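K.L.:
Can you keep this structure in mind? I'll have questions shortly.
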There are 2 protein chains.
Amino acid sequence: MDKKAVVGIDVGGTTVKIAFIALSGEILKKWEITTNQKDNGAYIVEEIAASIIKERKELNEELLAAGVGAPGFIDVDNGFIYEAVNLGWKNYSLQNEMEALLGLPVIVDNDANLAAGGEKWKGAGENARNIIAVTLGTGVGGGIIAGGEIIHGESGMAGEIGHISSVKSGGARCNCGKSGCLETVSSATGIARLGLEAVQREKAGYLQKVFLKDGSVTAKDVLDGAKQGDVLAGKVLDESMEHLGFALANLSNSLNPEIIVIGGGVSKAGDFLLEKLSYFFKMYAIPKIAQETKINIATLGNDAGVIGAAWIAKELISQKGLDAGAR
Amino acid sequence: MDKKAVVGIDVGGTTVKIAFIALSGEILKKWEITTNQKDNGAYIVEEIAASIIKERKELNEELLAAGVGAPGFIDVDNGFIYEAVNLGWKNYSLQNEMEALLGLPVIVDNDANLAAGGEKWKGAGENARNIIAVTLGTGVGGGIIAGGEIIHGESGMAGEIGHISSVKSGGARCNCGKSGCLETVSSATGIARLGLEAVQREKAGYLQKVFLKDGSVTAKDVLDGAKQGDVLAGKVLDESMEHLGFALANLSNSLNPEIIVIGGGVSKAGDFLLEKLSYFFKMYAIPKIAQETKINIATLGNDAGVIGAAWIAKELISQKGLDAGAR
């Protein structure tokens with residue numbers, strides 16, 4: 001057993017993704033279990049541990065550590081969950097409990113940060129030391145890596161790129177308590193909302209056809225319409241991407257990343273989306289930043305979380321000197 | 001000689017500030033020399049070194065290292081100046097030359113970053129691990145400290161808070177090549193420009209009186225007028241502080257600092273300024289960030305640079321293990 005590995009765990013509201021990952025980043029085995037929501041998530045950790053202990057028997061590599069990603073506010077230094085609403089956890093010492101069950105060193109971080117870490121290590125982040133990662137899905141998630149480290153901020157809230165204020169007045173209400181957040185205009189939900197508002201206002205073109213047929217408009221409809229050259233869909237997408245470009249340019253003016261990684265469902269529009277986004281990014285970025293900052297589409301999809309969790313586990317064992325002779 | 005100290009050096013376009021500083025942060029001696037602009041700054045470093053070597057003879061403490069702040073783009077890992085326009089330096093190995101002349105380990109950083117570091121260590125930053133520092137002077141300078149470390153970004157441009165885009169279209173031209181930068185609306189120069197434009201448009205109140213008397217309007221005039229309740233001056237200041245509050249809220253939404261430090265000439269308006277700024281900051285910050293983030297006026301004035309330079313020198317010797325037994 002001279003081969004070493006770590007386990008990456010990505011705890012979501014519906015499923016928990018788990019993977020054994022070599023120190024090289026290669027996924028050796030990955031699987032999922034259902035997230036047990038019963039009793040405010042009281043059984044989640046023991047079910048994860050039981051599943052890992054079972055699968056570990058077939059593993060040829062020695063497990064050195066575990067990394068865990070969870071949604072919510074986390075005290076990363078202590079692996080303590082202040083609150084993870086989707087799971088029912090509150091003031092929960094995740095790291096301690098997981099360490100006791102697995103008999104391994106455990107490190108915990110926010111799931112969006114770990115998606116950024118995964119893309120950094122093995123994805124579109126190309127292992128750069130300075131990365132901004134954004135996920136355009138139901139909401140807008142984010143993670144910031146500066147000088148090779150995940151930025152956590154004073155109370156673990158750093159990276160909340162989705163709650164950058166984008167619409168100064170009259171913006172849509174956001175779950176965070178503010179209005180006009182980036183999430184309200186650049187998430188899939190936000191793009192769909194802007195599309196619906198536009199079609200109700202102008203009743204024209206491709207989106208109107210979709211609306212008459214489906215009774216609604218999705219982000220994909222807006223992207224499809226814009227790709228086909230529909231004027232209204234193009235305007236909606238431009239509005240959304242101008243907000244995103246403005247927010248990312250201003251973050252980049254302050255943080256000077258090498259690479260910005262765009263993930264999530266909306267990013268499936270690929271180069272078409274990047275072209276729009278780059279146009280607005282360059283409009284608002286310092287010329288040298290505009291010229292040097294790469295914008296890439298995420299490549300790891302749903303694996304980003306477990307790979308990011310494995311990355312922090314690998315960093316942990318390297319800090320502890322546990323990786324001597326490991327490969 | 002069991003007492004140890006470092007030397008902090010702050011190289012500006014007109015003067016070089018130098019100080020011997022104890023590892024506790026106490027300034028033991030500070031002085032200035034004139035910046036020798038001759039031959040593209042070719043003599044600056046040797047004149048600094050000669051001055052330090054001379055003053056060092058009277059110092060009771062043993063010097064362990066030097067920290068240097070310089071304006072411009074810097075490769076911090078190598079203490080290499082890509083370009084410092086105000087000094088005439090280009091592709092200049094500042095660290096190597098200074099180490100050879102002083103016979104001490106030397107570390108170099110951007111002057112605005114070190115002002116942030118100084119306020120962190122001994123000023124309004126209260127030694128917090130997560131700080132955003134902004135200097136509102138002729139321009140708008142900035143420094144970001146995250147997880148206890150200065151953030152440099154991929155090519156040393158991080159912290160350029162003054163070049164966050166604030167006015168989306170029709171903004172004033174900025175030296176950086178863009179338009180509508182924060183610097184064009186929130187620096188002393190920017191506030192004066194907004195004041196002048198306002199008085200030329202509306203020809204009313206306190207600013208009109210100042211303009212008729214002086215033929216111009218300064219940032220101080222705007223602040224004085226606003227303090228006295230002049231409507232037009234108040235509107236100008238609100239416009240400026242809304243831009244600053246928006247920019248700092250969005251940075252804080254992404255970085256979650258404990259403290260924001262406001263320095264520079266404009267910050268002399270003190271609590272009156274903070275009240276205005278906080279109002280707009282809270283409007284655009286995530287509720288928890290709005291509630292928890294402190295905004296303080298800088299306390300170190302012109303000493304921030306040398307104290308910040310001493311801070312990185314102290315960090316350097318601690319990394320190198322040179323501070324064993326030091327106090």
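In the structure tokens, chains take the letters A, B, ... in the order shown, each chain's residues start at 1, and ligands count up from 1 in the order shown.
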Near Leu63 (chain A), within 10 Å and counting only C-alpha atoms, which residues show up once chain neighbours fewer than 6 positions away are dropped, as a ChimeraX atom specification?

P.N.:
/A:1,3-7,20-22,56,102,104

K.L.:
Suppose we keep N, CA, C and O atoms; can you now write the selection as a PDB file, in the first residue's frame?

P.N.:
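The result, stored in out37.pdb:
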ATOM      1  N   MET A   1       0.848  -1.207   0.000  1.00  0.00           N
ATOM      2  CA  MET A   1       0.000   0.000   0.000  1.00  0.00           C
ATOM      3  C   MET A   1       0.874   1.243   0.000  1.00  0.00           C
ATOM      4  O   MET A   1       0.798   2.086   0.892  1.00  0.00           O
ATOM      5  N   LYS A   3       0.740   3.401  -2.404  1.00  0.00           N
ATOM      6  CA  LYS A   3       0.008   4.446  -3.115  1.00  0.00           C
ATOM      7  C   LYS A   3      -0.946   5.149  -2.164  1.00  0.00           C
ATOM      8  O   LYS A   3      -1.587   4.510  -1.342  1.00  0.00           O
ATOM      9  N   LYS A   4      -1.022   6.463  -2.316  1.00  0.00           N
ATOM     10  CA  LYS A   4      -1.807   7.260  -1.374  1.00  0.00           C
ATOM     11  C   LYS A   4      -2.949   7.974  -2.091  1.00  0.00           C
ATOM     12  O   LYS A   4      -2.832   8.328  -3.256  1.00  0.00           O
ATOM     13  N   ALA A   5      -4.017   8.210  -1.368  1.00  0.00           N
ATOM     14  CA  ALA A   5      -5.161   8.920  -1.936  1.00  0.00           C
ATOM     15  C   ALA A   5      -5.867   9.709  -0.839  1.00  0.00           C
ATOM     16  O   ALA A   5      -5.568   9.576   0.350  1.00  0.00           O
ATOM     17  N   VAL A   6      -6.792  10.548  -1.256  1.00  0.00           N
ATOM     18  CA  VAL A   6      -7.653  11.270  -0.314  1.00  0.00           C
ATOM     19  C   VAL A   6      -9.095  11.040  -0.736  1.00  0.00           C
ATOM     20  O   VAL A   6      -9.359  10.542  -1.832  1.00  0.00           O
ATOM     21  N   VAL A   7     -10.025  11.409   0.139  1.00  0.00           N
ATOM     22  CA  VAL A   7     -11.423  11.310  -0.251  1.00  0.00           C
ATOM     23  C   VAL A   7     -12.023  12.718  -0.304  1.00  0.00           C
ATOM     24  O   VAL A   7     -11.810  13.532   0.595  1.00  0.00           O
ATOM     25  N   PHE A  20     -12.834   8.831  -4.264  1.00  0.00           N
ATOM     26  CA  PHE A  20     -11.441   8.580  -3.885  1.00  0.00           C
ATOM     27  C   PHE A  20     -10.582   9.173  -4.989  1.00  0.00           C
ATOM     28  O   PHE A  20     -10.793   8.870  -6.178  1.00  0.00           O
ATOM     29  N   ILE A  21      -9.636   9.999  -4.618  1.00  0.00           N
ATOM     30  CA  ILE A  21      -8.853  10.732  -5.612  1.00  0.00           C
ATOM     31  C   ILE A  21      -7.369  10.616  -5.271  1.00  0.00           C
ATOM     32  O   ILE A  21      -6.958  10.849  -4.123  1.00  0.00           O
ATOM     33  N   ALA A  22      -6.584  10.209  -6.256  1.00  0.00           N
ATOM     34  CA  ALA A  22      -5.133  10.078  -6.066  1.00  0.00           C
ATOM     35  C   ALA A  22      -4.515  11.458  -5.848  1.00  0.00           C
ATOM     36  O   ALA A  22      -5.124  12.469  -6.190  1.00  0.00           O
ATOM     37  N   ARG A  56     -13.991   1.810   0.919  1.00  0.00           N
ATOM     38  CA  ARG A  56     -12.558   1.844   1.148  1.00  0.00           C
ATOM     39  C   ARG A  56     -11.936   0.447   1.128  1.00  0.00           C
ATOM     40  O   ARG A  56     -10.759   0.283   0.788  1.00  0.00           O
ATOM     41  N   LEU A 102     -14.154   8.659  10.652  1.00  0.00           N
ATOM     42  CA  LEU A 102     -13.269   8.121   9.604  1.00  0.00           C
ATOM     43  C   LEU A 102     -11.878   7.784  10.134  1.00  0.00           C
ATOM     44  O   LEU A 102     -11.130   7.051   9.487  1.00  0.00           O
ATOM     45  N   LEU A 104      -9.493   9.909  10.164  1.00  0.00           N
ATOM     46  CA  LEU A 104      -8.613  10.612   9.222  1.00  0.00           C
ATOM     47  C   LEU A 104      -8.643  12.106   9.540  1.00  0.00           C
ATOM     48  O   LEU A 104      -9.640  12.601  10.058  1.00  0.00           O
TER      49      LEU A 104
END

K.L.:
I'd like the neighbourhood of Ser93 (chain B) as a CSV table (one decimal) with N, CA and C atoms, in the first residue's frame, where a residue qualifies if any of its atoms comes within 9 Å (using only C-alpha atoms), though same-chain residues fewer than 2 positions away should be ignored.

P.N.:
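Wrote part.csv, looks like this:
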chain,number,residue,atom,x,y,z
B,78,ASN,N,10.5,38.9,-6.2
B,78,ASN,CA,11.9,39.2,-6.5
B,78,ASN,C,12.3,40.6,-6.2
B,79,GLY,N,11.4,41.4,-5.7
B,79,GLY,CA,11.8,42.8,-5.4
B,79,GLY,C,12.2,43.6,-6.6
B,80,PHE,N,11.5,43.2,-7.7
B,80,PHE,CA,11.9,43.8,-9.0
B,80,PHE,C,10.9,44.8,-9.5
B,81,ILE,N,11.3,46.0,-9.8
B,81,ILE,CA,10.4,47.1,-10.3
B,81,ILE,C,10.2,47.0,-11.8
B,82,TYR,N,9.0,46.6,-12.2
B,82,TYR,CA,8.8,46.7,-13.7
B,82,TYR,C,8.8,48.2,-14.1
B,91,ASN,N,12.4,48.2,-15.1
B,91,ASN,CA,13.1,47.0,-15.0
B,91,ASN,C,14.3,47.1,-14.1
B,95,GLN,N,15.5,45.2,-5.0
B,95,GLN,CA,15.9,44.3,-3.8
B,95,GLN,C,17.3,43.9,-3.8
B,96,ASN,N,17.8,43.4,-4.9
B,96,ASN,CA,19.2,43.0,-5.0
B,96,ASN,C,20.2,44.1,-4.7
B,97,GLU,N,19.9,45.3,-5.3
B,97,GLU,CA,20.8,46.4,-5.1
B,97,GLU,C,20.8,46.9,-3.7
B,98,MET,N,19.6,47.0,-3.1
B,98,MET,CA,19.5,47.4,-1.7
B,98,MET,C,20.2,46.4,-0.8

K.L.:
When distances are computed from only C-alpha atoms, which of A:Ala204, A:Ala219, A:Leu194, A:Val134 shows the smallest separation from chain B?

P.N.:
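Among the listed residues, the smallest separation from chain B belongs to A:Val134.
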
K.L.:
Output as a VMD selection string the set of chain B residues within 10 Å of chain A, with distances taken over only C-alpha atoms.

P.N.:
chain B and resid 128 to 131 142 to 168 176 to 181 246 to 247 249 to 259 282 to 289 292 to 293

K.L.:
With chain B held fixed, move chain A onto it by a least-squares fit of all C-alpha atoms in order and give the output as a compact mmCIF listing (two decimals) with C-alpha atoms, in the first residue's frame.

P.N.:
# COMPACT_ATOMS: atom_id res chain seq x y z
CA MET A 1 22.84 44.75 21.38
CA ASP A 2 20.08 42.31 22.29
CA LYS A 3 17.42 44.73 21.01
CA LYS A 4 16.36 44.27 17.42
CA ALA A 5 14.84 46.60 14.85
CA VAL A 6 14.10 46.90 11.15
CA VAL A 7 14.25 49.82 8.77
CA GLY A 8 11.18 50.96 6.86
CA ILE A 9 11.67 52.95 3.67
CA ASP A 10 8.93 54.75 1.73
CA VAL A 11 10.21 56.01 -1.62
CA GLY A 12 8.12 58.86 -3.03
CA GLY A 13 8.57 61.12 -6.02
CA THR A 14 9.67 64.09 -3.87
CA THR A 15 11.02 62.64 -0.62
CA VAL A 16 12.11 59.31 0.75
CA LYS A 17 10.82 58.64 4.26
CA ILE A 18 12.98 56.36 6.38
CA ALA A 19 12.49 55.02 9.92
CA PHE A 20 14.15 52.64 12.33
CA ILE A 21 11.29 50.71 13.88
CA ALA A 22 11.38 48.24 16.78
CA LEU A 23 9.80 44.82 16.32
CA SER A 24 7.02 46.09 18.57
CA GLY A 25 6.19 48.71 15.93
CA GLU A 26 7.60 51.64 17.92
CA ILE A 27 9.30 54.25 15.74
CA LEU A 28 12.82 54.69 17.15
CA LYS A 29 13.94 57.34 14.69
CA LYS A 30 12.53 58.74 11.49
CA TRP A 31 13.84 61.14 8.90
CA GLU A 32 13.55 62.12 5.25
CA ILE A 33 15.89 62.66 2.34
CA THR A 34 15.13 64.32 -0.98
CA THR A 35 14.41 61.96 -3.86
CA ASN A 36 17.18 62.41 -6.41
CA GLN A 37 15.40 62.32 -9.77
CA LYS A 38 18.66 62.65 -11.77
CA ASP A 39 19.44 60.06 -14.47
CA ASN A 40 16.12 58.22 -14.09
CA GLY A 41 16.56 57.79 -10.38
CA ALA A 42 19.94 56.05 -10.72
CA TYR A 43 21.24 57.47 -7.40
CA ILE A 44 18.16 57.03 -5.22
CA VAL A 45 19.05 53.65 -3.75
CA GLU A 46 22.67 54.44 -2.96
CA GLU A 47 21.66 57.69 -1.30
CA ILE A 48 19.06 55.85 0.81
CA ALA A 49 21.64 53.23 1.80
CA ALA A 50 24.28 55.84 2.64
CA SER A 51 21.81 57.70 4.82
CA ILE A 52 20.79 54.54 6.66
CA ILE A 53 24.39 53.46 7.21
CA LYS A 54 25.18 56.88 8.66
CA GLU A 55 22.15 57.01 11.00
CA ARG A 56 22.59 53.39 12.02
CA LYS A 57 25.76 54.30 13.90
CA GLU A 58 23.70 56.06 16.55
CA LEU A 59 21.15 53.25 16.79
CA ASN A 60 21.22 51.05 19.90
CA GLU A 61 19.26 48.27 18.25
CA GLU A 62 20.56 45.67 15.84
CA LEU A 63 19.02 46.04 12.37
CA LEU A 64 17.68 42.74 11.02
CA ALA A 65 16.05 43.64 7.71
CA ALA A 66 14.72 46.43 5.51
CA GLY A 67 11.29 46.87 3.92
CA VAL A 68 10.87 49.21 0.97
CA GLY A 69 7.73 50.71 -0.49
CA ALA A 70 7.80 52.16 -3.99
CA PRO A 71 5.13 53.43 -6.34
CA GLY A 72 4.53 51.36 -9.47
CA PHE A 73 4.31 47.81 -10.71
CA ILE A 74 6.47 45.42 -8.72
CA ASP A 75 7.34 41.73 -8.83
CA VAL A 76 7.19 41.31 -5.09
CA ASP A 77 8.68 37.81 -5.03
CA ASN A 78 11.92 39.16 -6.47
CA GLY A 79 11.77 42.79 -5.37
CA PHE A 80 11.93 43.76 -9.02
CA ILE A 81 10.43 47.03 -10.25
CA TYR A 82 8.81 46.67 -13.65
CA GLU A 83 8.14 50.37 -13.76
CA ALA A 84 7.92 53.27 -11.32
CA VAL A 85 7.08 56.22 -13.55
CA ASN A 86 7.46 58.92 -10.87
CA LEU A 87 10.98 57.76 -10.05
CA GLY A 88 12.21 56.95 -13.56
CA TRP A 89 12.87 53.30 -12.66
CA LYS A 90 12.24 50.62 -15.25
CA ASN A 91 13.15 46.92 -14.99
CA TYR A 92 15.18 47.60 -11.91
CA SER A 93 16.30 45.02 -9.39
CA LEU A 94 15.70 47.14 -6.30
CA GLN A 95 15.88 44.31 -3.77
CA ASN A 96 19.23 42.97 -5.00
CA GLU A 97 20.86 46.37 -5.11
CA MET A 98 19.55 47.40 -1.69
CA GLU A 99 20.61 44.09 -0.13
CA ALA A 100 24.14 44.49 -1.48
CA LEU A 101 24.44 48.04 -0.15
CA LEU A 102 22.92 47.45 3.30
CA GLY A 103 24.06 43.88 3.91
CA LEU A 104 20.55 43.09 5.14
CA PRO A 105 17.65 41.00 3.81
CA VAL A 106 15.36 43.37 1.89
CA ILE A 107 11.73 43.03 0.87
CA VAL A 108 9.89 45.34 -1.51
CA ASP A 109 6.21 46.08 -2.09
CA ASN A 110 3.95 48.67 -3.62
CA ASP A 111 3.61 51.82 -1.49
CA ALA A 112 -0.20 51.72 -1.38
CA ASN A 113 -0.10 48.10 -0.22
CA LEU A 114 2.36 49.07 2.51
CA ALA A 115 0.17 51.95 3.66
CA ALA A 116 -2.55 49.31 4.10
CA GLY A 117 -0.06 47.09 5.93
CA GLY A 118 0.97 49.94 8.23
CA GLU A 119 -2.63 50.70 9.16
CA LYS A 120 -3.20 46.99 9.72
CA TRP A 121 -0.24 46.60 12.04
CA LYS A 122 -0.32 49.79 14.09
CA GLY A 123 -3.22 51.91 12.87
CA ALA A 124 -6.93 51.85 12.16
CA GLY A 125 -6.75 48.26 10.90
CA GLU A 126 -6.55 47.00 14.49
CA ASN A 127 -4.35 44.12 13.31
CA ALA A 128 -7.32 42.45 11.57
CA ARG A 129 -6.55 39.68 9.09
CA ASN A 130 -8.93 41.02 6.44
CA ILE A 131 -8.69 44.69 5.54
CA ILE A 132 -9.46 46.93 2.60
CA ALA A 133 -7.57 50.23 2.73
CA VAL A 134 -8.35 53.19 0.51
CA THR A 135 -6.48 56.48 0.26
CA LEU A 136 -8.49 59.43 -1.03
CA GLY A 137 -5.85 61.93 -2.13
CA THR A 138 -4.88 63.37 -5.49
CA GLY A 139 -5.81 59.93 -6.76
CA VAL A 140 -7.44 56.95 -5.07
CA GLY A 141 -4.95 54.34 -3.87
CA GLY A 142 -5.73 51.00 -2.35
CA GLY A 143 -4.41 47.92 -0.64
CA ILE A 144 -6.12 44.64 0.17
CA ILE A 145 -5.11 42.30 2.98
CA ALA A 146 -6.83 38.90 3.02
CA GLY A 147 -6.07 36.11 5.48
CA GLY A 148 -3.31 38.28 6.95
CA GLU A 149 -1.45 38.64 3.64
CA ILE A 150 -1.20 41.49 1.15
CA ILE A 151 -2.98 40.46 -2.06
CA HIS A 152 -0.77 41.09 -5.09
CA GLY A 153 -2.56 39.38 -7.96
CA GLU A 154 -1.01 37.86 -11.03
CA SER A 155 1.16 40.81 -12.07
CA GLY A 156 1.27 42.90 -8.91
CA MET A 157 -1.72 45.03 -9.88
CA ALA A 158 -4.13 43.92 -7.14
CA GLY A 159 -5.44 46.67 -4.90
CA GLU A 160 -6.00 49.16 -7.71
CA ILE A 161 -9.27 50.19 -6.08
CA GLY A 162 -9.06 53.65 -7.65
CA HIS A 163 -9.63 52.10 -11.06
CA ILE A 164 -12.81 50.28 -10.23
CA SER A 165 -15.31 51.47 -12.87
CA SER A 166 -17.86 53.72 -11.20
CA VAL A 167 -19.54 55.71 -13.96
CA LYS A 168 -20.77 53.28 -16.61
CA SER A 169 -21.01 55.76 -19.47
CA GLY A 170 -19.97 59.36 -19.99
CA GLY A 171 -17.51 59.31 -17.10
CA ALA A 172 -14.42 61.52 -16.95
CA ARG A 173 -11.25 60.30 -18.60
CA CYS A 174 -8.75 58.62 -16.24
CA ASN A 175 -4.95 58.36 -16.50
CA CYS A 176 -5.25 54.57 -16.63
CA GLY A 177 -6.78 54.72 -20.11
CA LYS A 178 -10.38 54.05 -19.04
CA SER A 179 -13.17 56.46 -18.21
CA GLY A 180 -15.35 56.76 -15.14
CA CYS A 181 -12.90 55.24 -12.63
CA LEU A 182 -13.60 55.64 -8.90
CA GLU A 183 -10.58 57.95 -8.85
CA THR A 184 -12.40 60.40 -11.15
CA VAL A 185 -15.24 60.83 -8.64
CA SER A 186 -13.92 60.05 -5.16
CA SER A 187 -10.38 61.45 -5.04
CA ALA A 188 -9.85 65.01 -3.83
CA THR A 189 -9.33 65.92 -7.49
CA GLY A 190 -12.52 64.11 -8.47
CA ILE A 191 -14.63 65.76 -5.76
CA ALA A 192 -13.27 69.17 -6.79
CA ARG A 193 -14.15 68.44 -10.42
CA LEU A 194 -17.68 67.36 -9.53
CA GLY A 195 -18.02 70.50 -7.39
CA LEU A 196 -16.86 72.75 -10.21
CA GLU A 197 -19.22 71.10 -12.70
CA ALA A 198 -22.10 71.48 -10.27
CA VAL A 199 -21.49 75.17 -9.65
CA GLN A 200 -21.13 75.87 -13.35
CA ARG A 201 -24.44 74.11 -13.91
CA GLU A 202 -26.43 75.49 -11.01
CA LYS A 203 -24.59 78.67 -9.93
CA ALA A 204 -25.94 78.45 -6.40
CA GLY A 205 -25.13 78.51 -2.70
CA TYR A 206 -21.82 78.15 -0.89
CA LEU A 207 -19.89 76.72 -3.83
CA GLN A 208 -20.95 79.62 -6.03
CA LYS A 209 -19.60 82.06 -3.42
CA VAL A 210 -16.31 80.17 -3.29
CA PHE A 211 -16.11 80.03 -7.05
CA LEU A 212 -16.71 83.77 -7.45
CA LYS A 213 -14.01 84.47 -4.87
CA ASP A 214 -11.35 81.89 -5.83
CA GLY A 215 -12.19 81.08 -9.45
CA SER A 216 -12.14 77.39 -8.52
CA VAL A 217 -13.58 74.82 -6.10
CA THR A 218 -11.57 72.35 -4.01
CA ALA A 219 -12.59 69.10 -2.33
CA LYS A 220 -12.31 70.90 1.00
CA ASP A 221 -14.80 73.53 -0.22
CA VAL A 222 -17.26 70.78 -1.10
CA LEU A 223 -16.78 69.10 2.29
CA ASP A 224 -17.03 72.43 4.16
CA GLY A 225 -20.17 73.39 2.24
CA ALA A 226 -21.81 70.03 2.82
CA LYS A 227 -21.00 70.22 6.54
CA GLN A 228 -22.68 73.65 6.71
CA GLY A 229 -25.78 72.18 5.09
CA ASP A 230 -25.32 73.73 1.64
CA VAL A 231 -27.65 71.79 -0.67
CA LEU A 232 -25.49 71.73 -3.80
CA ALA A 233 -22.29 70.82 -1.94
CA GLY A 234 -24.27 68.08 -0.16
CA LYS A 235 -25.46 66.68 -3.48
CA VAL A 236 -21.91 66.65 -4.86
CA LEU A 237 -20.57 64.87 -1.79
CA ASP A 238 -23.45 62.38 -1.90
CA GLU A 239 -22.67 61.58 -5.53
CA SER A 240 -19.01 61.00 -4.68
CA MET A 241 -19.72 58.93 -1.57
CA GLU A 242 -22.40 56.87 -3.32
CA HIS A 243 -19.79 55.80 -5.87
CA LEU A 244 -17.29 55.03 -3.12
CA GLY A 245 -19.89 53.20 -1.02
CA PHE A 246 -21.02 51.16 -4.02
CA ALA A 247 -17.44 50.17 -4.92
CA LEU A 248 -16.47 49.28 -1.34
CA ALA A 249 -19.71 47.41 -0.66
CA ASN A 250 -19.18 45.29 -3.76
CA LEU A 251 -15.58 44.59 -2.85
CA SER A 252 -16.75 43.68 0.65
CA ASN A 253 -19.52 41.46 -0.73
CA SER A 254 -16.70 39.53 -2.40
CA LEU A 255 -13.93 39.75 0.22
CA ASN A 256 -15.72 40.05 3.56
CA PRO A 257 -13.17 42.29 5.33
CA GLU A 258 -13.38 43.00 9.04
CA ILE A 259 -12.34 46.62 8.60
CA ILE A 260 -12.23 49.19 5.82
CA VAL A 261 -9.68 51.96 6.42
CA ILE A 262 -10.16 55.34 4.75
CA GLY A 263 -7.08 57.55 4.52
CA GLY A 264 -5.73 60.49 2.52
CA GLY A 265 -6.57 64.17 2.56
CA VAL A 266 -10.31 63.71 2.06
CA SER A 267 -10.47 61.49 5.15
CA LYS A 268 -9.68 64.51 7.32
CA ALA A 269 -13.43 65.23 7.16
CA GLY A 270 -13.65 62.38 9.69
CA ASP A 271 -16.98 61.27 11.12
CA PHE A 272 -18.95 63.52 8.80
CA LEU A 273 -17.48 61.65 5.83
CA LEU A 274 -17.85 58.24 7.48
CA GLU A 275 -21.53 58.83 8.12
CA LYS A 276 -22.19 59.60 4.46
CA LEU A 277 -20.04 56.72 3.26
CA SER A 278 -21.61 54.21 5.68
CA TYR A 279 -25.08 55.18 4.50
CA PHE A 280 -24.28 54.23 0.90
CA PHE A 281 -22.10 51.27 1.88
CA LYS A 282 -25.02 49.74 3.79
CA MET A 283 -27.35 50.33 0.84
CA TYR A 284 -25.26 48.05 -1.40
CA ALA A 285 -23.72 45.52 1.02
CA ILE A 286 -25.15 42.09 1.87
CA PRO A 287 -27.07 42.68 5.14
CA LYS A 288 -24.64 40.64 7.28
CA ILE A 289 -21.66 42.43 5.69
CA ALA A 290 -23.36 45.81 6.14
CA GLN A 291 -23.86 45.02 9.80
CA GLU A 292 -20.44 43.57 10.59
CA THR A 293 -17.92 45.56 8.52
CA LYS A 294 -16.25 48.41 10.39
CA ILE A 295 -15.24 51.56 8.51
CA ASN A 296 -12.43 53.49 10.22
CA ILE A 297 -10.49 56.65 9.42
CA ALA A 298 -6.74 55.97 8.99
CA THR A 299 -4.66 57.04 11.97
CA LEU A 300 -1.02 56.88 10.84
CA GLY A 301 -0.98 59.70 8.27
CA ASN A 302 2.34 59.95 6.45
CA ASP A 303 3.92 57.31 8.70
CA ALA A 304 1.73 54.51 7.29
CA GLY A 305 4.24 53.77 4.51
CA VAL A 306 7.34 53.33 6.67
CA ILE A 307 5.40 51.37 9.29
CA GLY A 308 3.98 49.09 6.58
CA ALA A 309 7.49 48.65 5.17
CA ALA A 310 8.70 47.71 8.66
CA TRP A 311 5.81 45.26 8.97
CA ILE A 312 6.82 43.28 5.86
CA ALA A 313 10.45 43.39 7.01
CA LYS A 314 9.37 41.93 10.36
CA GLU A 315 7.33 39.24 8.55
CA LEU A 316 10.37 38.46 6.40
CA ILE A 317 12.70 37.89 9.34
CA SER A 318 10.06 35.82 11.06
CA GLN A 319 9.81 33.62 7.93
CA LYS A 320 13.58 33.32 7.83
CA GLY A 321 13.72 32.52 11.53
CA LEU A 322 15.99 35.52 12.14
CA ASP A 323 13.89 36.84 14.99
CA ALA A 324 14.77 34.11 17.47
CA GLY A 325 15.17 35.79 20.82
CA ALA A 326 14.27 39.17 19.37
CA ARG A 327 12.00 41.55 21.18

K.L.:
Please return as a PyMOL selection string: the residues of region 69-232 of chain A that backbone DSSP assigns to alpha helix (DSSP H).

P.N.:
chain A and resi 94-102+111-122+183-186+188-202+205-214+219-227+231-232

K.L.:
Tell me, which residues of region 249-306 of chain B carry DSSP strand (DSSP E), written as a list in words?

P.N.:
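Matching residues for strand (DSSP E) in region 249-306 of chain B are Ile259, Ile260, Val261, Ile262, Gly263, Lys294, Ile295, Asn296 and Ile297 of chain B.
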